[in-house]
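Structure file target.cif with mmCIF, C-alpha atoms:
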```cif
data_coords
loop_
_atom_site.label_atom_id
_atom_site.label_comp_id
_atom_site.auth_asym_id
_atom_site.auth_seq_id
_atom_site.Cartn_x
_atom_site.Cartn_y
_atom_site.Cartn_z
CA MET A 1 0.00 0.00 0.00
CA ALA A 2 1.19 3.52 -0.82
CA PRO A 3 2.14 5.69 2.16
CA VAL A 4 -0.64 7.93 3.38
CA THR A 5 -0.34 11.63 4.25
CA TYR A 6 -1.08 12.43 7.89
CA GLY A 7 -1.22 15.59 10.01
CA ILE A 8 -1.91 16.43 13.66
CA ALA A 9 -4.16 19.29 14.72
CA ILE A 10 -6.32 20.74 17.47
CA PHE A 11 -9.92 21.61 16.63
CA PRO A 12 -10.93 24.44 18.96
CA SER A 13 -14.48 24.70 20.35
CA LYS A 14 -17.49 25.19 18.10
CA ASP A 15 -17.64 28.87 19.08
CA VAL A 16 -14.08 29.55 17.93
CA GLN A 17 -14.56 27.46 14.78
CA ASP A 18 -17.72 29.39 13.88
CA VAL A 19 -15.82 32.70 14.14
CA ALA A 20 -12.96 31.36 12.00
CA ASN A 21 -15.37 29.97 9.40
CA SER A 22 -17.15 33.32 9.05
CA TYR A 23 -13.89 34.55 7.47
CA ARG A 24 -12.71 31.31 5.87
CA MET A 25 -15.88 30.90 3.81
CA ARG A 26 -15.05 34.18 2.08
CA TYR A 27 -11.25 34.28 2.09
CA ASP A 28 -9.93 30.72 2.13
CA PRO A 29 -10.26 28.53 -0.99
CA ARG A 30 -9.20 25.52 1.15
CA TYR A 31 -12.11 26.19 3.50
CA SER A 32 -14.02 23.00 2.72
CA LEU A 33 -11.09 20.58 3.07
CA ILE A 34 -10.82 20.65 6.88
CA PRO A 35 -12.55 22.39 9.81
CA PRO A 36 -10.77 25.37 11.46
CA HIS A 37 -7.74 24.05 13.31
CA ILE A 38 -4.40 24.70 15.00
CA THR A 39 -1.76 22.60 13.25
CA LEU A 40 0.53 20.84 15.72
CA LYS A 41 2.43 18.87 13.08
CA GLU A 42 2.49 19.65 9.37
CA GLN A 43 1.68 16.91 6.90
CA PHE A 44 3.96 13.88 6.79
CA GLN A 45 3.93 10.48 5.12
CA ALA A 46 3.74 7.22 7.00
CA SER A 47 3.22 3.55 6.24
CA GLU A 48 0.63 1.47 8.07
CA GLY A 49 3.24 0.17 10.50
CA GLU A 50 4.73 3.59 11.13
CA ILE A 51 1.37 5.21 11.84
CA GLU A 52 0.52 2.62 14.47
CA GLU A 53 3.75 3.49 16.27
CA ILE A 54 3.00 7.21 15.90
CA ALA A 55 -0.57 6.76 17.17
CA ALA A 56 0.82 4.96 20.23
CA ALA A 57 3.24 7.86 20.78
CA CYS A 58 0.32 10.34 20.49
CA LYS A 59 -1.58 8.38 23.12
CA LYS A 60 1.40 8.51 25.47
CA ILE A 61 1.78 12.29 24.96
CA ALA A 62 -1.94 12.86 25.61
CA ASN A 63 -1.93 10.64 28.69
CA GLU A 64 0.65 12.91 30.29
CA MET A 65 -1.12 16.21 29.49
CA GLU A 66 -3.68 18.25 31.42
CA PRO A 67 -6.29 20.45 29.69
CA PHE A 68 -4.93 23.96 29.07
CA ASP A 69 -6.32 27.33 28.02
CA ILE A 70 -5.62 29.22 24.81
CA GLU A 71 -6.20 32.87 23.97
CA ILE A 72 -6.70 34.67 20.69
CA ASN A 73 -6.42 38.46 20.78
CA ARG A 74 -5.55 39.46 17.25
CA VAL A 75 -5.05 38.62 13.61
CA SER A 76 -1.64 38.40 11.98
CA SER A 77 -0.17 37.51 8.57
CA PHE A 78 2.71 35.37 7.29
CA SER A 79 3.27 37.99 4.57
CA PRO A 80 5.62 38.35 2.74
CA ALA A 81 6.41 34.59 3.03
CA THR A 82 2.83 33.69 2.09
CA HIS A 83 -0.45 35.59 1.84
CA THR A 84 -1.87 33.73 4.81
CA VAL A 85 -3.88 35.66 7.41
CA TYR A 86 -4.56 33.92 10.71
CA LEU A 87 -6.02 34.18 14.18
CA LYS A 88 -2.88 34.30 16.29
CA VAL A 89 -3.06 31.78 19.12
CA GLU A 90 -0.86 33.03 21.96
CA ALA A 91 1.96 30.53 22.41
CA ASN A 92 2.08 28.76 25.75
CA ARG A 93 4.09 25.97 27.30
CA SER A 94 1.52 23.28 26.55
CA LEU A 95 1.30 24.09 22.83
CA ILE A 96 5.09 24.27 22.53
CA HIS A 97 5.46 21.02 24.43
CA LEU A 98 3.00 19.24 22.10
CA ASN A 99 4.74 20.57 19.01
CA GLU A 100 8.17 19.57 20.30
CA LYS A 101 7.15 16.05 21.29
CA MET A 102 5.69 15.59 17.79
CA HIS A 103 9.08 16.35 16.26
CA GLU A 104 10.91 13.65 18.19
CA GLU A 105 11.17 9.94 17.30
CA PRO A 106 9.02 8.03 16.33
CA PHE A 107 7.57 11.10 14.58
CA PRO A 108 9.40 12.45 11.51
CA VAL A 109 11.71 15.09 13.00
CA GLU A 110 12.18 17.51 10.07
CA ARG A 111 10.64 20.95 10.32
CA GLU A 112 9.89 23.32 7.49
CA HIS A 113 8.81 26.23 9.67
CA LYS A 114 9.24 27.55 13.16
CA PHE A 115 6.11 26.74 15.21
CA VAL A 116 3.66 29.66 15.19
CA PRO A 117 0.35 28.51 16.72
CA HIS A 118 -2.44 29.86 14.51
CA ILE A 119 -5.82 29.29 12.90
CA THR A 120 -5.74 30.17 9.21
CA ILE A 121 -8.65 32.34 8.08
CA SER A 122 -7.41 33.51 4.66
CA GLN A 123 -4.90 32.10 2.17
CA GLU A 124 -3.98 31.88 -1.50
CA LEU A 125 -5.38 35.34 -2.23
CA SER A 126 -3.70 37.78 -4.64
CA GLU A 127 -1.40 40.39 -3.14
CA ASP A 128 -4.11 43.06 -3.45
CA GLU A 129 -6.83 40.87 -1.95
CA HIS A 130 -4.50 39.89 0.89
CA SER A 131 -3.76 43.56 1.62
CA ASP A 132 -7.47 44.34 1.73
CA VAL A 133 -8.35 41.45 4.04
CA TYR A 134 -5.40 41.90 6.36
CA GLY A 135 -5.78 45.69 6.33
CA SER A 136 -9.36 45.47 7.57
CA LEU A 137 -8.88 42.58 10.02
CA ARG A 138 -5.67 43.75 11.69
CA LEU A 139 -7.68 46.56 13.27
CA SER A 140 -10.36 44.22 14.61
CA LYS A 141 -10.30 43.23 18.23
CA PHE A 142 -10.62 39.55 19.11
CA GLU A 143 -11.24 38.16 22.55
CA LEU A 144 -11.51 34.42 22.09
CA SER A 145 -10.50 31.87 24.64
CA ASP A 146 -10.90 28.14 24.84
CA THR A 147 -9.87 25.12 26.87
CA ILE A 148 -8.02 22.45 24.91
CA ASP A 149 -8.37 18.87 26.14
CA ARG A 150 -7.56 16.79 23.03
CA PHE A 151 -5.84 16.68 19.67
CA GLN A 152 -6.51 14.69 16.51
CA LEU A 153 -4.50 12.61 14.07
CA LEU A 154 -5.85 13.05 10.53
CA TYR A 155 -5.17 11.61 7.09
CA GLN A 156 -5.65 13.17 3.69
CA LEU A 157 -7.91 11.80 0.96
CA ASP A 158 -7.06 11.98 -2.75
CA ASP A 159 -9.25 15.10 -3.19
CA GLY A 160 -7.18 16.98 -0.59
CA SER A 161 -9.74 16.79 2.23
CA TRP A 162 -8.90 15.47 5.69
CA THR A 163 -10.51 12.72 7.78
CA VAL A 164 -9.91 12.23 11.51
CA TYR A 165 -8.17 8.93 12.20
CA GLU A 166 -8.05 9.17 15.98
CA THR A 167 -8.72 11.55 18.87
CA PHE A 168 -6.34 11.73 21.82
CA LYS A 169 -7.81 13.15 25.02
CA PHE A 170 -5.57 14.57 27.72
CA ASP A 171 -5.70 12.19 30.60
CA LYS A 172 -3.30 13.19 33.34
CA GLU A 173 -4.83 12.11 36.64
CA MET B 1 -25.06 27.65 26.02
CA ALA B 2 -27.34 26.57 23.20
CA PRO B 3 -27.55 22.82 22.59
CA VAL B 4 -25.21 21.56 19.91
CA THR B 5 -26.10 19.16 17.08
CA TYR B 6 -24.23 15.86 17.18
CA GLY B 7 -24.11 12.74 15.03
CA ILE B 8 -22.29 9.39 15.13
CA ALA B 9 -20.63 7.86 12.09
CA ILE B 10 -18.03 5.42 10.80
CA PHE B 11 -15.43 6.73 8.37
CA PRO B 12 -14.36 3.78 6.21
CA SER B 13 -10.75 3.40 5.02
CA LYS B 14 -9.11 5.94 2.73
CA ASP B 15 -9.56 3.57 -0.25
CA VAL B 16 -13.34 3.33 0.24
CA GLN B 17 -13.60 7.08 0.91
CA ASP B 18 -11.68 7.89 -2.29
CA VAL B 19 -14.11 5.77 -4.33
CA ALA B 20 -17.12 7.43 -2.68
CA ASN B 21 -15.66 10.91 -3.22
CA SER B 22 -15.11 10.28 -6.93
CA TYR B 23 -18.94 10.25 -7.19
CA ARG B 24 -19.75 12.70 -4.41
CA MET B 25 -17.67 15.50 -5.93
CA ARG B 26 -19.95 15.39 -8.96
CA TYR B 27 -23.31 14.35 -7.54
CA ASP B 28 -23.52 15.49 -3.93
CA PRO B 29 -23.88 19.19 -3.11
CA ARG B 30 -23.18 18.33 0.56
CA TYR B 31 -19.88 16.77 -0.44
CA SER B 32 -17.66 19.29 1.34
CA LEU B 33 -19.46 19.23 4.69
CA ILE B 34 -18.22 15.83 5.90
CA PRO B 35 -16.00 12.99 4.59
CA PRO B 36 -17.70 9.85 3.21
CA HIS B 37 -19.29 8.02 6.11
CA ILE B 38 -21.73 5.40 7.37
CA THR B 39 -24.21 7.11 9.72
CA LEU B 40 -24.79 5.10 12.89
CA LYS B 41 -26.98 7.71 14.56
CA GLU B 42 -28.70 10.60 12.80
CA GLN B 43 -28.23 14.11 14.11
CA PHE B 44 -29.48 14.89 17.60
CA GLN B 45 -29.23 17.78 20.02
CA ALA B 46 -27.44 17.57 23.34
CA SER B 47 -26.31 19.91 26.09
CA GLU B 48 -22.77 19.86 27.43
CA GLY B 49 -23.76 17.62 30.33
CA GLU B 50 -25.74 15.25 28.14
CA ILE B 51 -22.93 14.84 25.62
CA GLU B 52 -20.47 13.86 28.31
CA GLU B 53 -22.83 11.09 29.38
CA ILE B 54 -23.29 10.05 25.74
CA ALA B 55 -19.52 10.07 25.11
CA ALA B 56 -19.08 7.80 28.14
CA ALA B 57 -21.75 5.47 26.74
CA CYS B 58 -19.95 5.45 23.36
CA LYS B 59 -16.74 4.48 25.09
CA LYS B 60 -18.46 1.61 26.87
CA ILE B 61 -19.99 0.35 23.60
CA ALA B 62 -16.60 0.54 21.83
CA ASN B 63 -14.82 -1.22 24.68
CA GLU B 64 -17.08 -4.23 24.21
CA MET B 65 -16.69 -4.47 20.40
CA GLU B 66 -14.21 -6.32 18.21
CA PRO B 67 -13.18 -5.07 14.75
CA PHE B 68 -15.54 -6.36 12.05
CA ASP B 69 -15.62 -6.51 8.25
CA ILE B 70 -18.00 -4.71 5.94
CA GLU B 71 -18.76 -5.35 2.29
CA ILE B 72 -20.08 -3.13 -0.47
CA ASN B 73 -21.28 -4.89 -3.61
CA ARG B 74 -23.72 -2.47 -5.20
CA VAL B 75 -25.37 0.89 -5.38
CA SER B 76 -28.96 1.52 -4.35
CA SER B 77 -31.36 4.47 -4.01
CA PHE B 78 -33.84 5.73 -1.42
CA SER B 79 -36.09 6.84 -4.27
CA PRO B 80 -38.98 7.66 -4.22
CA ALA B 81 -38.60 8.78 -0.57
CA THR B 82 -35.56 10.93 -1.48
CA HIS B 83 -33.27 11.21 -4.50
CA THR B 84 -30.35 9.77 -2.56
CA VAL B 85 -28.06 7.23 -4.23
CA TYR B 86 -25.72 5.28 -1.99
CA LEU B 87 -23.14 2.55 -1.75
CA LYS B 88 -25.09 -0.17 0.03
CA VAL B 89 -23.18 -1.52 3.01
CA GLU B 90 -24.31 -5.09 3.65
CA ALA B 91 -25.96 -5.17 7.07
CA ASN B 92 -24.28 -7.35 9.66
CA ARG B 93 -24.70 -8.05 13.35
CA SER B 94 -22.03 -5.58 14.43
CA LEU B 95 -23.52 -2.65 12.51
CA ILE B 96 -27.02 -3.45 13.76
CA HIS B 97 -25.74 -3.82 17.33
CA LEU B 98 -24.02 -0.41 17.18
CA ASN B 99 -27.12 1.26 15.79
CA GLU B 100 -29.37 -0.36 18.40
CA LYS B 101 -27.15 0.56 21.33
CA MET B 102 -27.14 4.16 20.11
CA HIS B 103 -30.93 4.28 20.32
CA GLU B 104 -31.07 3.25 23.97
CA GLU B 105 -30.66 5.52 27.01
CA PRO B 106 -28.65 7.73 27.55
CA PHE B 107 -28.88 8.37 23.76
CA PRO B 108 -32.05 9.96 22.40
CA VAL B 109 -34.19 6.94 21.48
CA GLU B 110 -36.40 8.36 18.67
CA ARG B 111 -35.84 7.10 15.14
CA GLU B 112 -36.93 8.76 11.93
CA HIS B 113 -35.89 5.91 9.66
CA LYS B 114 -35.23 2.21 9.72
CA PHE B 115 -31.45 1.60 9.82
CA VAL B 116 -30.06 1.03 6.31
CA PRO B 117 -26.26 1.06 6.46
CA HIS B 118 -25.02 3.13 3.52
CA ILE B 119 -22.52 5.67 2.20
CA THR B 120 -24.29 8.46 0.34
CA ILE B 121 -22.73 9.30 -3.04
CA SER B 122 -25.47 11.44 -4.60
CA GLN B 123 -28.29 13.54 -3.15
CA GLU B 124 -30.50 16.58 -3.70
CA LEU B 125 -30.46 16.12 -7.48
CA SER B 126 -33.52 16.75 -9.67
CA GLU B 127 -35.65 13.74 -10.56
CA ASP B 128 -34.08 13.57 -14.04
CA GLU B 129 -30.52 13.91 -12.76
CA HIS B 130 -31.20 11.27 -10.13
CA SER B 131 -32.54 8.89 -12.80
CA ASP B 132 -29.42 9.43 -14.91
CA VAL B 133 -26.98 8.88 -12.05
CA TYR B 134 -28.79 5.91 -10.58
CA GLY B 135 -29.47 4.43 -14.01
CA SER B 136 -25.77 4.37 -14.86
CA LEU B 137 -24.45 3.35 -11.43
CA ARG B 138 -26.93 0.58 -10.66
CA LEU B 139 -25.29 -1.47 -13.41
CA SER B 140 -21.78 -0.93 -12.04
CA LYS B 141 -20.13 -3.68 -10.07
CA PHE B 142 -18.54 -2.79 -6.74
CA GLU B 143 -16.27 -5.03 -4.72
CA LEU B 144 -15.24 -2.98 -1.73
CA SER B 145 -14.44 -4.38 1.65
CA ASP B 146 -13.04 -2.89 4.81
CA THR B 147 -12.36 -3.65 8.44
CA ILE B 148 -14.05 -1.31 10.90
CA ASP B 149 -12.32 -0.78 14.23
CA ARG B 150 -13.69 2.57 15.43
CA PHE B 151 -16.52 5.10 15.18
CA GLN B 152 -16.66 8.85 15.68
CA LEU B 153 -18.85 11.32 17.56
CA LEU B 154 -19.16 14.56 15.56
CA TYR B 155 -20.73 17.98 16.04
CA GLN B 156 -22.05 20.41 13.47
CA LEU B 157 -20.78 23.95 12.94
CA ASP B 158 -23.02 26.87 12.01
CA ASP B 159 -22.10 26.50 8.31
CA GLY B 160 -23.40 22.91 8.29
CA SER B 161 -19.99 21.22 8.28
CA TRP B 162 -19.02 18.54 10.80
CA THR B 163 -16.06 18.31 13.18
CA VAL B 164 -14.98 15.13 14.96
CA TYR B 165 -15.37 15.46 18.72
CA GLU B 166 -14.05 12.05 19.69
CA THR B 167 -12.95 8.71 18.23
CA PHE B 168 -13.94 5.46 19.91
CA LYS B 169 -11.76 2.46 19.07
CA PHE B 170 -13.03 -1.08 19.54
CA ASP B 171 -11.15 -2.53 22.43
CA LYS B 172 -12.46 -5.97 23.33
CA GLU B 173 -9.53 -8.01 24.62
#
```

Conversion result in structure tokens:
Amino acid sequence: MAPVTYGIAIFPSKDVQDVANSYRMRYDPRYSLIPPHITLKEQFQASEGEIEEIAAACKKIANEMEPFDIEINRVSSFSPATHTVYLKVEANRSLIHLNEKMHEEPFPVEREHKFVPHITISQELSEDEHSDVYGSLRLSKFELSDTIDRFQLLYQLDDGSWTVYETFKFDKE
Amino acid sequence: MAPVTYGIAIFPSKDVQDVANSYRMRYDPRYSLIPPHITLKEQFQASEGEIEEIAAACKKIANEMEPFDIEINRVSSFSPATHTVYLKVEANRSLIHLNEKMHEEPFPVEREHKFVPHITISQELSEDEHSDVYGSLRLSKFELSDTIDRFQLLYQLDDGSWTVYETFKFDKE
């Protein structure tokens, strides 16, 4: 069997997702491929055997975590690297810990980017469109908070959309 | 907080999903709202307290299940009730057991339909379009099989799309 493409993400609460989608439906052509999310580990390839080992490692990570809070206060952009506008999730020790653990064996350890916790709300727009969207949103005030108690391992279908393979709930007693 | 809409479904393997999506992308306007799936329990409303009790019940059901095989040999239609064409999943004891358990307390017990395990590939077409699609697909031969080892509890966002809340893996020792 060909290797499958996987990724690891947090889906925030319905309330936060609904806010993100109100922008994504207008400004993100990849809107329908996956619900609003915070990527913990960018896409990687794994065989059936490898993913079972990685799922076991995810379970171990989640077992040792407690639920933690996140805060979103503003919008930012990856411009000029890409025309991606996002809800900036304030970095905290728990998010950084999750991201770091997911770049140690048995996970693939390569990184393309520094970890910037975020929820994409606009991407793949022209330079002018990006300027318009970011120009109007950077002045908006956001006061979103959420409690995170799980993350999800997903795989990608041939059409580019993502399906959840497994949920890992934080379970520190 | 307002009650949230939940549903329970099985996502079959990537291979089966890719086949279903090759039809859905053309014939199903609800294609982008959720990956291809077998509905175990139709949408229902629950409060935060209720859903925690239901999630616990899901976990108990999954703990007592073993992985089981499914087979898809043909396409069928719910016509004339609706213009929905689907991959017919052969009913088996495990599917029926899951569906029955999910219509006992603490789950809402009402049913709108008899349980017909299926993966929708076409819906909301006009009568003529439905006749065309069903007419051509009913003659096609399908030989899909899969092993099911988990199901998923999902909730619906305001835009109609679905997010996985939790995965329940079968865990009978």

The PyMOL selection byres ((chain B) within 12 of (chain A)) applied to the shown file, residues as JSON, numbers by chain = {"B": [1, 2, 3, 4, 5, 6, 9, 10, 11, 12, 13, 14, 15, 16, 17, 18, 19, 20, 21, 22, 23, 24, 25, 30, 31, 32, 33, 34, 35, 36, 37, 48, 148, 149, 150, 151, 152, 153, 154, 155, 156, 157, 158, 159, 160, 161, 162, 163, 164, 165, 166, 167, 168, 169, 170]}

Least-squares superposed chain A, target chain B, every Cα, as a CSV table (one decimal) with C-alpha atoms, keeping the file's coordinate frame:
```csv
chain,number,residue,atom,x,y,z
A,1,MET,CA,-25.0,27.7,26.0
A,2,ALA,CA,-27.3,26.6,23.2
A,3,PRO,CA,-27.6,22.8,22.6
A,4,VAL,CA,-25.2,21.6,19.9
A,5,THR,CA,-26.1,19.2,17.1
A,6,TYR,CA,-24.2,15.9,17.2
A,7,GLY,CA,-24.1,12.7,15.0
A,8,ILE,CA,-22.3,9.4,15.1
A,9,ALA,CA,-20.6,7.9,12.1
A,10,ILE,CA,-18.0,5.4,10.8
A,11,PHE,CA,-15.4,6.7,8.4
A,12,PRO,CA,-14.4,3.8,6.2
A,13,SER,CA,-10.8,3.4,5.0
A,14,LYS,CA,-9.1,5.9,2.7
A,15,ASP,CA,-9.6,3.6,-0.2
A,16,VAL,CA,-13.3,3.3,0.2
A,17,GLN,CA,-13.6,7.1,0.9
A,18,ASP,CA,-11.7,7.9,-2.3
A,19,VAL,CA,-14.1,5.8,-4.3
A,20,ALA,CA,-17.1,7.4,-2.7
A,21,ASN,CA,-15.7,10.9,-3.2
A,22,SER,CA,-15.1,10.3,-6.9
A,23,TYR,CA,-18.9,10.3,-7.2
A,24,ARG,CA,-19.8,12.7,-4.4
A,25,MET,CA,-17.7,15.5,-5.9
A,26,ARG,CA,-19.9,15.4,-9.0
A,27,TYR,CA,-23.3,14.4,-7.5
A,28,ASP,CA,-23.5,15.5,-3.9
A,29,PRO,CA,-23.9,19.2,-3.1
A,30,ARG,CA,-23.2,18.3,0.6
A,31,TYR,CA,-19.9,16.8,-0.4
A,32,SER,CA,-17.7,19.3,1.3
A,33,LEU,CA,-19.5,19.2,4.7
A,34,ILE,CA,-18.2,15.8,5.9
A,35,PRO,CA,-16.0,13.0,4.6
A,36,PRO,CA,-17.7,9.9,3.2
A,37,HIS,CA,-19.3,8.0,6.1
A,38,ILE,CA,-21.7,5.4,7.4
A,39,THR,CA,-24.2,7.1,9.7
A,40,LEU,CA,-24.8,5.1,12.9
A,41,LYS,CA,-27.0,7.7,14.5
A,42,GLU,CA,-28.7,10.6,12.8
A,43,GLN,CA,-28.2,14.1,14.1
A,44,PHE,CA,-29.5,14.9,17.6
A,45,GLN,CA,-29.2,17.8,20.0
A,46,ALA,CA,-27.5,17.6,23.3
A,47,SER,CA,-26.3,19.9,26.1
A,48,GLU,CA,-22.8,19.9,27.4
A,49,GLY,CA,-23.8,17.6,30.3
A,50,GLU,CA,-25.7,15.3,28.1
A,51,ILE,CA,-22.9,14.8,25.6
A,52,GLU,CA,-20.5,13.9,28.3
A,53,GLU,CA,-22.8,11.1,29.4
A,54,ILE,CA,-23.3,10.0,25.7
A,55,ALA,CA,-19.5,10.1,25.1
A,56,ALA,CA,-19.1,7.8,28.1
A,57,ALA,CA,-21.8,5.5,26.7
A,58,CYS,CA,-20.0,5.4,23.4
A,59,LYS,CA,-16.7,4.5,25.1
A,60,LYS,CA,-18.5,1.6,26.9
A,61,ILE,CA,-20.0,0.4,23.6
A,62,ALA,CA,-16.6,0.5,21.8
A,63,ASN,CA,-14.8,-1.2,24.7
A,64,GLU,CA,-17.1,-4.2,24.2
A,65,MET,CA,-16.7,-4.5,20.4
A,66,GLU,CA,-14.2,-6.3,18.2
A,67,PRO,CA,-13.2,-5.1,14.8
A,68,PHE,CA,-15.5,-6.4,12.1
A,69,ASP,CA,-15.6,-6.5,8.3
A,70,ILE,CA,-18.0,-4.7,5.9
A,71,GLU,CA,-18.8,-5.4,2.3
A,72,ILE,CA,-20.1,-3.1,-0.5
A,73,ASN,CA,-21.3,-4.9,-3.6
A,74,ARG,CA,-23.7,-2.5,-5.2
A,75,VAL,CA,-25.4,0.9,-5.4
A,76,SER,CA,-29.0,1.5,-4.3
A,77,SER,CA,-31.4,4.5,-4.0
A,78,PHE,CA,-33.8,5.7,-1.4
A,79,SER,CA,-36.1,6.8,-4.3
A,80,PRO,CA,-39.0,7.7,-4.2
A,81,ALA,CA,-38.6,8.8,-0.6
A,82,THR,CA,-35.6,10.9,-1.5
A,83,HIS,CA,-33.3,11.2,-4.5
A,84,THR,CA,-30.4,9.8,-2.5
A,85,VAL,CA,-28.1,7.2,-4.2
A,86,TYR,CA,-25.7,5.3,-2.0
A,87,LEU,CA,-23.1,2.5,-1.7
A,88,LYS,CA,-25.1,-0.2,0.0
A,89,VAL,CA,-23.2,-1.5,3.0
A,90,GLU,CA,-24.3,-5.1,3.6
A,91,ALA,CA,-26.0,-5.2,7.1
A,92,ASN,CA,-24.3,-7.3,9.7
A,93,ARG,CA,-24.7,-8.0,13.3
A,94,SER,CA,-22.0,-5.6,14.4
A,95,LEU,CA,-23.5,-2.6,12.5
A,96,ILE,CA,-27.0,-3.5,13.8
A,97,HIS,CA,-25.7,-3.8,17.3
A,98,LEU,CA,-24.0,-0.4,17.2
A,99,ASN,CA,-27.1,1.3,15.8
A,100,GLU,CA,-29.4,-0.3,18.4
A,101,LYS,CA,-27.2,0.5,21.3
A,102,MET,CA,-27.1,4.2,20.1
A,103,HIS,CA,-30.9,4.3,20.3
A,104,GLU,CA,-31.1,3.3,24.0
A,105,GLU,CA,-30.7,5.5,27.0
A,106,PRO,CA,-28.6,7.7,27.5
A,107,PHE,CA,-28.9,8.3,23.8
A,108,PRO,CA,-32.0,10.0,22.4
A,109,VAL,CA,-34.2,7.0,21.5
A,110,GLU,CA,-36.4,8.4,18.7
A,111,ARG,CA,-35.8,7.1,15.1
A,112,GLU,CA,-36.9,8.7,11.9
A,113,HIS,CA,-35.9,5.9,9.6
A,114,LYS,CA,-35.2,2.2,9.7
A,115,PHE,CA,-31.4,1.6,9.8
A,116,VAL,CA,-30.1,1.0,6.3
A,117,PRO,CA,-26.2,1.0,6.5
A,118,HIS,CA,-25.0,3.1,3.5
A,119,ILE,CA,-22.5,5.7,2.2
A,120,THR,CA,-24.3,8.5,0.3
A,121,ILE,CA,-22.7,9.3,-3.0
A,122,SER,CA,-25.5,11.4,-4.6
A,123,GLN,CA,-28.3,13.5,-3.1
A,124,GLU,CA,-30.5,16.6,-3.7
A,125,LEU,CA,-30.5,16.1,-7.5
A,126,SER,CA,-33.5,16.7,-9.6
A,127,GLU,CA,-35.7,13.7,-10.5
A,128,ASP,CA,-34.1,13.6,-14.0
A,129,GLU,CA,-30.5,13.9,-12.7
A,130,HIS,CA,-31.2,11.3,-10.1
A,131,SER,CA,-32.5,8.9,-12.8
A,132,ASP,CA,-29.4,9.4,-14.9
A,133,VAL,CA,-27.0,8.9,-12.0
A,134,TYR,CA,-28.8,5.9,-10.6
A,135,GLY,CA,-29.5,4.4,-14.0
A,136,SER,CA,-25.8,4.4,-14.9
A,137,LEU,CA,-24.5,3.4,-11.4
A,138,ARG,CA,-26.9,0.6,-10.7
A,139,LEU,CA,-25.3,-1.5,-13.4
A,140,SER,CA,-21.8,-0.9,-12.0
A,141,LYS,CA,-20.1,-3.7,-10.1
A,142,PHE,CA,-18.5,-2.8,-6.7
A,143,GLU,CA,-16.3,-5.0,-4.7
A,144,LEU,CA,-15.2,-3.0,-1.7
A,145,SER,CA,-14.5,-4.4,1.7
A,146,ASP,CA,-13.0,-2.9,4.8
A,147,THR,CA,-12.4,-3.7,8.4
A,148,ILE,CA,-14.1,-1.3,10.9
A,149,ASP,CA,-12.3,-0.8,14.2
A,150,ARG,CA,-13.7,2.6,15.4
A,151,PHE,CA,-16.5,5.1,15.2
A,152,GLN,CA,-16.7,8.9,15.7
A,153,LEU,CA,-18.8,11.3,17.5
A,154,LEU,CA,-19.2,14.6,15.6
A,155,TYR,CA,-20.7,18.0,16.0
A,156,GLN,CA,-22.1,20.4,13.5
A,157,LEU,CA,-20.8,23.9,12.9
A,158,ASP,CA,-23.0,26.9,12.0
A,159,ASP,CA,-22.1,26.5,8.3
A,160,GLY,CA,-23.4,22.9,8.3
A,161,SER,CA,-20.0,21.2,8.3
A,162,TRP,CA,-19.0,18.5,10.8
A,163,THR,CA,-16.0,18.3,13.2
A,164,VAL,CA,-15.0,15.1,15.0
A,165,TYR,CA,-15.4,15.5,18.7
A,166,GLU,CA,-14.1,12.0,19.7
A,167,THR,CA,-12.9,8.7,18.3
A,168,PHE,CA,-13.9,5.4,19.9
A,169,LYS,CA,-11.7,2.5,19.1
A,170,PHE,CA,-13.0,-1.1,19.5
A,171,ASP,CA,-11.2,-2.5,22.4
A,172,LYS,CA,-12.5,-6.0,23.3
A,173,GLU,CA,-9.5,-8.0,24.7
```

Quick one: everything within 7 Å of B:Val89, counting all atoms listed in the file, minus sequence neighbours fewer than 4 positions away in the same chain. Send it as a PyMOL selection string.
-> chain B and resi 70-72+117-118

Just give me the gap between atom CA of A:Ser126 and atom CA of A:Arg138 in Å, one decimal is fine.
->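 Distance between the two atoms: 17.5 Å.
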
Scan for residues within 10 Å of the point (-1.2, 38.6, 9.0) in the coordinates of the file, using all atoms listed in the file, and reply as number ranges by chain.
-> A: 74-80, 82-88, 120-122, 130-131, 133-135, 137-138

Would you save the residues of that selection, restricted to C-alpha atoms, as a short mmCIF file (atom, residue, chain, number, x, y, z; two decimals), keeping the file's coordinate frame?
```cif
data_model
loop_
_atom_site.label_atom_id
_atom_site.label_comp_id
_atom_site.auth_asym_id
_atom_site.auth_seq_id
_atom_site.Cartn_x
_atom_site.Cartn_y
_atom_site.Cartn_z
CA ARG A 74 -5.55 39.46 17.25
CA VAL A 75 -5.05 38.62 13.61
CA SER A 76 -1.64 38.40 11.98
CA SER A 77 -0.17 37.51 8.57
CA PHE A 78 2.71 35.37 7.29
CA SER A 79 3.27 37.99 4.57
CA PRO A 80 5.62 38.35 2.74
CA THR A 82 2.83 33.69 2.09
CA HIS A 83 -0.45 35.59 1.84
CA THR A 84 -1.87 33.73 4.81
CA VAL A 85 -3.88 35.66 7.41
CA TYR A 86 -4.56 33.92 10.71
CA LEU A 87 -6.02 34.18 14.18
CA LYS A 88 -2.88 34.30 16.29
CA THR A 120 -5.74 30.17 9.21
CA ILE A 121 -8.65 32.34 8.08
CA SER A 122 -7.41 33.51 4.66
CA HIS A 130 -4.50 39.89 0.89
CA SER A 131 -3.76 43.56 1.62
CA VAL A 133 -8.35 41.45 4.04
CA TYR A 134 -5.40 41.90 6.36
CA GLY A 135 -5.78 45.69 6.33
CA LEU A 137 -8.88 42.58 10.02
CA ARG A 138 -5.67 43.75 11.69
#
```

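Residue nearest B:Asn92 within the list B:Asp69, B:Leu144, B:Gly49, B:Ile54: B:Asp69 [criterion: smallest interatomic distance, only C-alpha atoms].
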